[in-house]
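Structure file data.cif with mmCIF, C-alpha atoms:
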data_upload
loop_
_atom_site.label_atom_id
_atom_site.label_comp_id
_atom_site.auth_asym_id
_atom_site.auth_seq_id
_atom_site.Cartn_x
_atom_site.Cartn_y
_atom_site.Cartn_z
CA MET A 1326 -47.78 25.93 -61.36
CA THR A 1327 -44.37 27.49 -61.86
CA SER A 1328 -44.41 29.19 -58.47
CA ILE A 1329 -45.35 25.94 -56.73
CA GLU A 1330 -42.48 24.09 -58.42
CA SER A 1331 -39.98 26.81 -57.47
CA VAL A 1332 -41.11 26.74 -53.85
CA SER A 1333 -40.85 22.96 -53.67
CA ARG A 1334 -37.36 23.02 -55.12
CA SER A 1335 -36.34 25.72 -52.67
CA ASP A 1336 -37.70 23.71 -49.72
CA LEU A 1337 -35.89 20.60 -50.85
CA GLU A 1338 -32.61 22.48 -51.20
CA GLN A 1339 -32.99 23.92 -47.70
CA ARG A 1340 -33.71 20.50 -46.26
CA ARG A 1341 -30.62 19.07 -47.97
CA LYS A 1342 -28.47 21.84 -46.50
CA LYS A 1343 -29.89 21.20 -43.03
CA LEU A 1344 -29.22 17.46 -43.34
CA ARG A 1345 -25.65 18.09 -44.50
CA THR A 1346 -25.10 20.50 -41.61
CA HIS A 1347 -26.60 18.02 -39.15
CA ARG A 1348 -24.30 15.27 -40.43
CA ARG A 1349 -21.23 17.50 -40.08
CA LEU A 1350 -22.22 18.35 -36.49
CA LYS A 1351 -22.65 14.69 -35.64
CA MET A 1352 -19.24 13.85 -37.13
CA LEU A 1353 -17.61 16.69 -35.21
CA GLN A 1354 -19.33 15.59 -31.99
CA ALA A 1355 -18.18 11.98 -32.46
CA ALA A 1356 -14.64 13.16 -33.19
CA TRP A 1357 -14.57 15.30 -30.04
CA GLN A 1358 -15.91 12.43 -27.95
CA THR A 1359 -13.23 10.11 -29.33
CA LEU A 1360 -10.53 12.66 -28.61
CA ALA A 1361 -11.87 13.25 -25.10
CA VAL A 1362 -12.02 9.55 -24.22
CA GLY A 1363 -8.58 8.97 -25.72
CA GLY A 1364 -7.22 11.90 -23.76
CA MET A 1365 -8.71 10.60 -20.53
CA LEU A 1366 -7.31 7.11 -21.10
CA GLY A 1367 -3.94 8.52 -22.05
CA GLY A 1368 -3.95 10.68 -18.95
CA LEU A 1369 -4.89 7.72 -16.78
CA VAL A 1370 -2.11 5.59 -18.24
CA TRP A 1371 0.34 8.43 -17.80
CA ALA A 1372 -0.76 9.04 -14.22
CA THR A 1373 -0.52 5.38 -13.21
CA THR A 1374 3.01 5.14 -14.58
CA GLN A 1375 4.21 8.06 -12.48
CA PRO A 1376 6.26 7.26 -9.34
CA ILE A 1377 3.32 8.07 -7.08
CA TRP A 1378 1.30 5.18 -8.61
CA VAL A 1379 4.09 2.63 -8.30
CA LEU A 1380 4.63 0.04 -5.58
CA GLN A 1381 8.12 0.85 -4.39
CA GLU A 1382 8.39 -1.55 -1.43
CA PRO A 1383 6.52 -4.25 0.55
CA SER A 1384 5.45 -1.69 3.16
CA GLN A 1385 2.82 -0.51 0.66
CA VAL A 1386 1.13 -3.91 0.85
CA THR A 1387 -1.49 -4.37 3.59
CA ILE A 1388 -2.23 -7.91 4.84
CA GLU A 1389 -5.52 -8.58 6.64
CA GLY A 1390 -7.23 -11.67 8.07
CA ASN A 1391 -4.11 -13.46 9.29
CA GLN A 1392 -3.95 -14.66 12.88
CA LEU A 1393 -1.57 -17.62 12.70
CA LEU A 1394 0.55 -16.65 9.71
CA ALA A 1395 3.17 -13.92 9.97
CA THR A 1396 2.61 -10.82 7.83
CA PRO A 1397 6.21 -10.76 6.47
CA ALA A 1398 5.87 -14.44 5.51
CA ILE A 1399 2.70 -13.72 3.51
CA LYS A 1400 4.30 -10.73 1.78
CA SER A 1401 7.21 -12.93 0.74
CA LEU A 1402 4.74 -15.20 -1.08
CA LEU A 1403 3.43 -12.41 -3.31
CA PRO A 1404 4.60 -12.75 -6.94
CA VAL A 1405 5.40 -9.03 -7.10
CA SER A 1406 8.74 -7.43 -7.97
CA TYR A 1407 9.54 -3.92 -6.75
CA PRO A 1408 9.18 -1.29 -8.10
CA GLN A 1409 6.00 -2.30 -9.92
CA SER A 1410 3.33 -0.17 -11.59
CA LEU A 1411 -0.14 -0.60 -10.11
CA LEU A 1412 -1.53 -0.79 -13.64
CA ARG A 1413 0.56 -3.87 -14.42
CA ILE A 1414 -0.36 -5.73 -11.25
CA GLN A 1415 -2.93 -8.50 -11.76
CA PRO A 1416 -4.88 -8.96 -8.50
CA GLU A 1417 -6.54 -12.22 -9.61
CA ALA A 1418 -3.20 -13.82 -10.49
CA ILE A 1419 -1.77 -12.84 -7.10
CA ALA A 1420 -4.83 -14.25 -5.31
CA ASN A 1421 -4.54 -17.54 -7.22
CA SER A 1422 -0.87 -17.77 -6.29
CA LEU A 1423 -1.65 -17.29 -2.60
CA GLU A 1424 -4.48 -19.85 -2.68
CA SER A 1425 -2.04 -22.43 -4.04
CA GLN A 1426 -0.31 -22.32 -0.65
CA PRO A 1427 -1.44 -25.12 1.72
CA THR A 1428 -1.72 -22.60 4.57
CA ILE A 1429 -4.13 -20.24 2.76
CA ALA A 1430 -7.71 -21.24 1.93
CA ASP A 1431 -8.86 -18.03 0.25
CA ALA A 1432 -7.37 -14.71 -0.84
CA THR A 1433 -8.71 -11.42 -2.20
CA VAL A 1434 -6.37 -8.82 -3.69
CA THR A 1435 -7.37 -5.24 -4.60
CA ARG A 1436 -5.48 -2.16 -5.78
CA GLU A 1437 -5.55 0.93 -3.56
CA LEU A 1438 -5.06 4.33 -5.27
CA PHE A 1439 -5.23 6.71 -2.31
CA PRO A 1440 -2.63 6.13 -1.02
CA PRO A 1441 -1.22 3.82 -3.70
CA GLY A 1442 -0.85 0.28 -2.43
CA LEU A 1443 -2.11 -3.27 -2.45
CA ARG A 1444 -4.68 -4.75 -0.04
CA VAL A 1445 -4.59 -8.50 0.56
CA VAL A 1446 -7.28 -10.23 2.63
CA ILE A 1447 -6.71 -13.92 3.38
CA THR A 1448 -8.51 -16.78 5.07
CA GLU A 1449 -6.09 -19.13 6.79
CA ARG A 1450 -6.31 -22.90 6.95
CA ILE A 1451 -6.50 -23.73 10.64
CA PRO A 1452 -4.75 -26.99 11.62
CA VAL A 1453 -7.06 -29.16 13.72
CA ALA A 1454 -4.80 -32.20 14.13
CA ILE A 1455 -1.15 -33.16 14.05
CA ALA A 1456 -0.81 -35.75 11.31
CA TYR A 1457 1.78 -38.53 11.45
CA ILE A 1458 2.38 -40.72 8.42
CA ARG A 1459 3.76 -43.37 10.75
CA PRO A 1460 3.68 -43.57 14.56
CA PRO A 1461 6.26 -41.15 16.01
CA GLN A 1462 7.96 -43.90 17.98
CA ALA A 1463 8.54 -45.88 14.76
CA VAL A 1464 10.52 -43.04 13.16
CA THR A 1465 14.21 -42.69 14.05
CA THR A 1466 15.30 -40.11 11.44
CA ASP A 1467 13.77 -37.03 9.80
CA THR A 1468 10.90 -36.70 12.26
CA GLN A 1469 9.58 -33.51 10.65
CA ALA A 1470 9.19 -35.24 7.28
CA ASN A 1471 6.95 -37.79 9.02
CA MET A 1472 4.57 -35.19 10.40
CA GLY A 1473 2.37 -32.38 9.21
CA PHE A 1474 -1.06 -30.95 9.93
CA VAL A 1475 -4.56 -31.34 8.54
CA ASP A 1476 -7.40 -28.82 8.63
CA ALA A 1477 -11.09 -29.58 9.15
CA ASN A 1478 -11.51 -30.43 5.46
CA GLY A 1479 -8.58 -32.84 5.38
CA ILE A 1480 -6.11 -30.58 3.55
CA TRP A 1481 -2.54 -31.62 4.31
CA ILE A 1482 -0.19 -28.85 5.52
CA PRO A 1483 3.52 -29.79 5.60
CA PHE A 1484 5.17 -29.17 8.95
CA GLN A 1485 8.02 -27.13 7.46
CA THR A 1486 5.59 -24.86 5.56
CA TYR A 1487 3.44 -24.12 8.59
CA ALA A 1488 6.44 -23.65 10.89
CA ALA A 1489 8.12 -21.24 8.47
CA GLN A 1490 5.03 -19.07 7.97
CA SER A 1491 3.51 -19.14 11.45
CA THR A 1492 4.07 -16.36 13.97
CA ASN A 1493 3.83 -18.76 16.89
CA LEU A 1494 3.61 -22.48 16.20
CA LYS A 1495 0.54 -23.82 18.05
CA LEU A 1496 0.18 -27.58 18.05
CA PRO A 1497 -3.37 -29.02 18.04
CA GLN A 1498 -4.28 -31.47 20.79
CA LEU A 1499 -5.70 -34.07 18.41
CA LYS A 1500 -3.41 -36.51 16.57
CA VAL A 1501 -4.10 -38.62 13.50
CA ILE A 1502 -1.81 -41.47 12.37
CA GLY A 1503 -1.64 -43.04 8.94
CA PRO A 1504 -0.94 -42.13 5.31
CA TRP A 1505 -3.04 -39.13 4.35
CA GLU A 1506 -4.34 -40.91 1.24
CA ARG A 1507 -6.13 -43.48 3.41
CA TYR A 1508 -8.36 -41.11 5.34
CA HIS A 1509 -8.56 -37.76 3.54
CA SER A 1510 -11.78 -38.76 1.69
CA TYR A 1511 -13.74 -39.16 4.95
CA TRP A 1512 -11.66 -37.03 7.31
CA SER A 1513 -14.13 -34.12 7.33
CA SER A 1514 -16.93 -36.39 8.60
CA VAL A 1515 -14.67 -38.09 11.14
CA TYR A 1516 -13.38 -34.81 12.52
CA GLN A 1517 -16.86 -33.31 12.87
CA SER A 1518 -18.08 -36.36 14.78
CA VAL A 1519 -14.98 -36.55 16.99
CA SER A 1520 -15.04 -32.81 17.79
CA ARG A 1521 -18.67 -33.11 18.96
CA SER A 1522 -18.11 -36.26 21.01
CA PRO A 1523 -18.72 -35.88 24.77
CA VAL A 1524 -15.91 -38.41 25.31
CA LYS A 1525 -12.51 -36.79 24.93
CA ILE A 1526 -10.56 -38.26 22.01
CA SER A 1527 -6.84 -37.53 21.70
CA GLU A 1528 -5.75 -39.79 18.84
CA ILE A 1529 -7.20 -41.36 15.67
CA ASP A 1530 -5.23 -44.25 14.17
CA CYS A 1531 -6.07 -44.77 10.50
CA GLN A 1532 -3.16 -47.02 9.57
CA ASP A 1533 -5.44 -50.00 9.03
CA PRO A 1534 -8.36 -49.06 6.72
CA THR A 1535 -10.35 -52.02 8.10
CA ASN A 1536 -10.09 -50.83 11.69
CA ILE A 1537 -9.97 -47.22 12.91
CA ILE A 1538 -8.60 -47.07 16.44
CA LEU A 1539 -9.31 -44.23 18.85
CA LYS A 1540 -7.39 -43.29 21.96
CA THR A 1541 -9.97 -41.88 24.36
CA GLU A 1542 -10.35 -40.98 28.02
CA LEU A 1543 -12.13 -44.35 28.44
CA GLY A 1544 -9.31 -46.29 26.81
CA ILE A 1545 -8.57 -47.74 23.39
CA VAL A 1546 -11.60 -48.08 21.09
CA HIS A 1547 -11.83 -50.16 17.89
CA LEU A 1548 -14.36 -48.90 15.35
CA GLY A 1549 -13.72 -51.21 12.42
CA ALA A 1550 -13.78 -49.73 8.92
CA TYR A 1551 -15.15 -46.21 8.52
CA SER A 1552 -18.91 -46.13 7.99
CA SER A 1553 -21.88 -43.81 8.34
CA ARG A 1554 -22.45 -45.33 11.80
CA LEU A 1555 -19.57 -43.36 13.33
CA THR A 1556 -21.88 -40.96 15.16
CA GLN A 1557 -23.84 -43.88 16.59
CA GLN A 1558 -20.60 -45.56 17.68
CA LEU A 1559 -19.51 -42.47 19.58
CA GLN A 1560 -22.93 -42.18 21.22
CA VAL A 1561 -22.63 -45.76 22.45
CA LEU A 1562 -19.13 -44.97 23.73
CA ASP A 1563 -20.55 -42.09 25.75
CA GLN A 1564 -23.11 -44.47 27.27
CA MET A 1565 -20.29 -46.75 28.42
CA ARG A 1566 -18.80 -44.18 30.78
CA GLN A 1567 -19.77 -46.30 33.78
CA PHE A 1568 -17.58 -49.22 32.67
CA PRO A 1569 -14.35 -47.96 34.28
CA GLN A 1570 -16.22 -47.73 37.56
CA GLN A 1571 -17.30 -51.37 37.37
CA LEU A 1572 -14.07 -52.72 35.88
CA ASN A 1573 -10.42 -52.01 36.47
CA SER A 1574 -9.47 -49.90 33.45
CA SER A 1575 -6.00 -51.43 33.45
CA GLN A 1576 -7.62 -54.81 32.73
CA ILE A 1577 -9.37 -53.52 29.58
CA ALA A 1578 -7.40 -54.10 26.37
CA TYR A 1579 -9.86 -52.23 24.17
CA ILE A 1580 -13.53 -51.50 23.61
CA ASP A 1581 -14.93 -53.01 20.42
CA LEU A 1582 -17.57 -50.82 18.77
CA SER A 1583 -17.29 -52.25 15.27
CA ASN A 1584 -20.93 -53.21 15.73
CA PRO A 1585 -22.52 -50.51 17.88
CA GLU A 1586 -25.62 -52.69 18.38
CA THR A 1587 -23.51 -55.20 20.33
CA PRO A 1588 -20.54 -53.41 21.90
CA ALA A 1589 -17.89 -55.59 23.53
CA VAL A 1590 -14.98 -55.17 25.90
CA GLN A 1591 -11.78 -57.10 25.27
CA MET A 1592 -9.97 -57.84 28.52
CA ASN A 1593 -6.25 -58.30 28.97
CA GLN A 1594 -5.21 -61.91 29.43
#
Please re-express this file's structure in structure tokens.
Amino acid sequence: MTSIESVSRSDLEQRRKKLRTHRRLKMLQAAWQTLAVGGMLGGLVWATTQPIWVLQEPSQVTIEGNQLLATPAIKSLLPVSYPQSLLRIQPEAIANSLESQPTIADATVTRELFPPGLRVVITERIPVAIAYIRPPQAVTTDTQANMGFVDANGIWIPFQTYAAQSTNLKLPQLKVIGPWERYHSYWSSVYQSVSRSPVKISEIDCQDPTNIILKTELGIVHLGAYSSRLTQQLQVLDQMRQFPQQLNSSQIAYIDLSNPETPAVQMNQ
């Protein structure tokens, strides 16, 4: 009995020693891991604050995706002061700042470590029409304040902004007249229909919300208020191509397509 008890006590003591040793090893391992991770982070922070990991000048910024906008103009929009540590630069904040510009639809900004720099990829807003708040002939002063541009989605781009940032100012062939607030809600649909029309359309007059007026190769066309029948109206207009051959186009005041089921031609008196 006594020998069994002594053996059991000896086994228990050995097990306790092993457990204590195991715990010490685990604590030492955890401490070493913590020191290693801390050292790595400290080294990374130290490395990124060295001159080699600092943006010293705009030449270290690469701009991609721009075709209409000048690279120096885009760099001037970046909310970055030089010199600037790469670690302190916030790519998402820079991208949001660029996307707030009316000329830029989307921006992606990433840090580059080898060599240290910043990579900016943008998607431009492409003007599809010159936009006049009022007819050009009705404006006698500050012509540029009266005009701007709109893209396919109806986003207004001020003339001065586009002219200042563009490498070569290219004016769209299409014109739209009227306060932007009156047509921006349906502009995307109107532009898609007009751009697909077989009949060439050079001007869209949206001054009167009850009557959209088009200037086309067949003459002036009245559409009435904007509706989902716009595509049908333009199809009917295409079918009326033979009219100028049967009538003297100079005698036609306008083509009335407000009801595409019963198109009409208003003649000059």
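Nearest to A:Gln1532 of all the residues A:Leu1443, A:Met1592, A:Val1501, A:Met1472 is A:Val1501, counting only C-alpha atoms.
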A:Val1475, A:Ala1578, A:Leu1539, A:Val1405 ranked by distance to A:Gln1385, top pick (using all atoms listed in the file): A:Val1405
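Across A:Gln1381, A:Val1386, A:Gln1392, A:His1547, the tightest approach to A:Thr1492 is made by A:Gln1392 when counting all atoms listed in the file.
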Quick one: everything within 9 Å of A:Ala1489, counting only C-alpha atoms, minus sequence neighbours fewer than 5 positions away in the same chain. Send it as a ChimeraX atom specification. /A:1394-1395,1398,1484
Atom pair atom CA of A:Gln1594 + atom CA of A:Ser1575, distance 11.3 Å
Within 7 Å of A:Gln1591 using all atoms listed in the file, minus same-chain residues under 6 positions, as a list in words: Ile1577, Ala1578, Tyr1579 and Ile1580 of chain A
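We find atom CA of A:Cys1531 and atom CA of A:Leu1494 to be spaced 25.0 Å apart.
With distances taken over all atoms listed in the file, A:Val1524 is the one residue among A:Ile1480, A:Val1524, A:Ala1550, A:Ala1355 lying closest to A:Met1565.
What separates atom CA of A:Pro1404 from atom CA of A:Gln1426 is a distance of 12.5 Å.
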A:Gln1560 surroundings by all atoms listed in the file, 12 Å radius, close-in-sequence under 2 positions cut, as an NGL selection string: :A and (1518-1519 or 1521-1524 or 1554-1558 or 1562-1566 or 1582 or 1585-1586 or 1588)
Write out, as a compact mmCIF listing (two decimals), in the frame of the given file, the residues just selected, with C-alpha atoms.
# COMPACT_ATOMS: atom_id res chain seq x y z
CA SER A 1518 -18.08 -36.36 14.78
CA VAL A 1519 -14.98 -36.55 16.99
CA ARG A 1521 -18.67 -33.11 18.96
CA SER A 1522 -18.11 -36.26 21.01
CA PRO A 1523 -18.72 -35.88 24.77
CA VAL A 1524 -15.91 -38.41 25.31
CA ARG A 1554 -22.45 -45.33 11.80
CA LEU A 1555 -19.57 -43.36 13.33
CA THR A 1556 -21.88 -40.96 15.16
CA GLN A 1557 -23.84 -43.88 16.59
CA GLN A 1558 -20.60 -45.56 17.68
CA LEU A 1562 -19.13 -44.97 23.73
CA ASP A 1563 -20.55 -42.09 25.75
CA GLN A 1564 -23.11 -44.47 27.27
CA MET A 1565 -20.29 -46.75 28.42
CA ARG A 1566 -18.80 -44.18 30.78
CA LEU A 1582 -17.57 -50.82 18.77
CA PRO A 1585 -22.52 -50.51 17.88
CA GLU A 1586 -25.62 -52.69 18.38
CA PRO A 1588 -20.54 -53.41 21.90
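Minimum distance to A:Asp1476 across A:Arg1340, A:Lys1540, A:Arg1459, A:Lys1500 (counting all atoms listed in the file) occurs at A:Lys1500.
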Let me know the residues the PyMOL selection byres ((chain A and resi 1551) around 12) catches in the file above, as an MDAnalysis selection string. chainID A and resid 1507:1512 1514:1515 1529:1531 1533:1538 1547:1550 1552:1556 1558 1582:1584
Sel. within 10 Å of pt (1.6, -14.6, 3.9), counting all atoms listed in the file, output as a ChimeraX atom specification: /A:1388-1389,1391,1393-1403,1423,1426,1428-1429,1445-1447,1449,1490-1491
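Closest to A:Pro1383 among A:Glu1424, A:Arg1444, A:Glu1506, A:Val1561 is A:Arg1444, based on only C-alpha atoms.
Against the coordinates shown, the PyMOL selection byres ((chain A and resi 1435-1442) around 10) returns Thr1373, Pro1376, Ile1377, Trp1378, Val1379, Leu1380, Gln1381, Glu1382, Pro1383, Ser1384, Gln1385, Val1386, Thr1387, Ser1410, Leu1411, Leu1412, Ile1414, Gln1415, Pro1416, Glu1417, Ile1419, Ala1420, Thr1433, Val1434, Leu1443, Arg1444, Val1445 and Val1446 of chain A.
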Excluding A:Pro1461 and its own-chain neighbours fewer than 6 positions away, which residues fall within 10 Å of it when counting all atoms listed in the file? Please give them as a short mmCIF file (atom, residue, chain, number, x, y, z; two decimals) with C-alpha atoms, in the frame of the given file.
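So out-v1.cif came out as:
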data_model
loop_
_atom_site.label_atom_id
_atom_site.label_comp_id
_atom_site.auth_asym_id
_atom_site.auth_seq_id
_atom_site.Cartn_x
_atom_site.Cartn_y
_atom_site.Cartn_z
CA THR A 1468 10.90 -36.70 12.26
CA GLN A 1469 9.58 -33.51 10.65
CA ASN A 1471 6.95 -37.79 9.02
CA MET A 1472 4.57 -35.19 10.40
CA ILE A 1502 -1.81 -41.47 12.37
#
Taking all atoms of stretch 1411-1417 of chain A that the file lists and extending 4 Å past them on each side, where is the centre of the axis-aligned box and how long are its edges? Answer in Å to one decimal, as AutoDock Vina command-line options.
--center_x -3.0 --center_y -6.4 --center_z -11.5 --size_x 15.1 --size_y 19.6 --size_z 13.9
Nearby residues (all atoms listed in the file) at most 9 Å from A:Trp1481, same-chain spacing under 2 positions excluded, as a count of residues only: 11
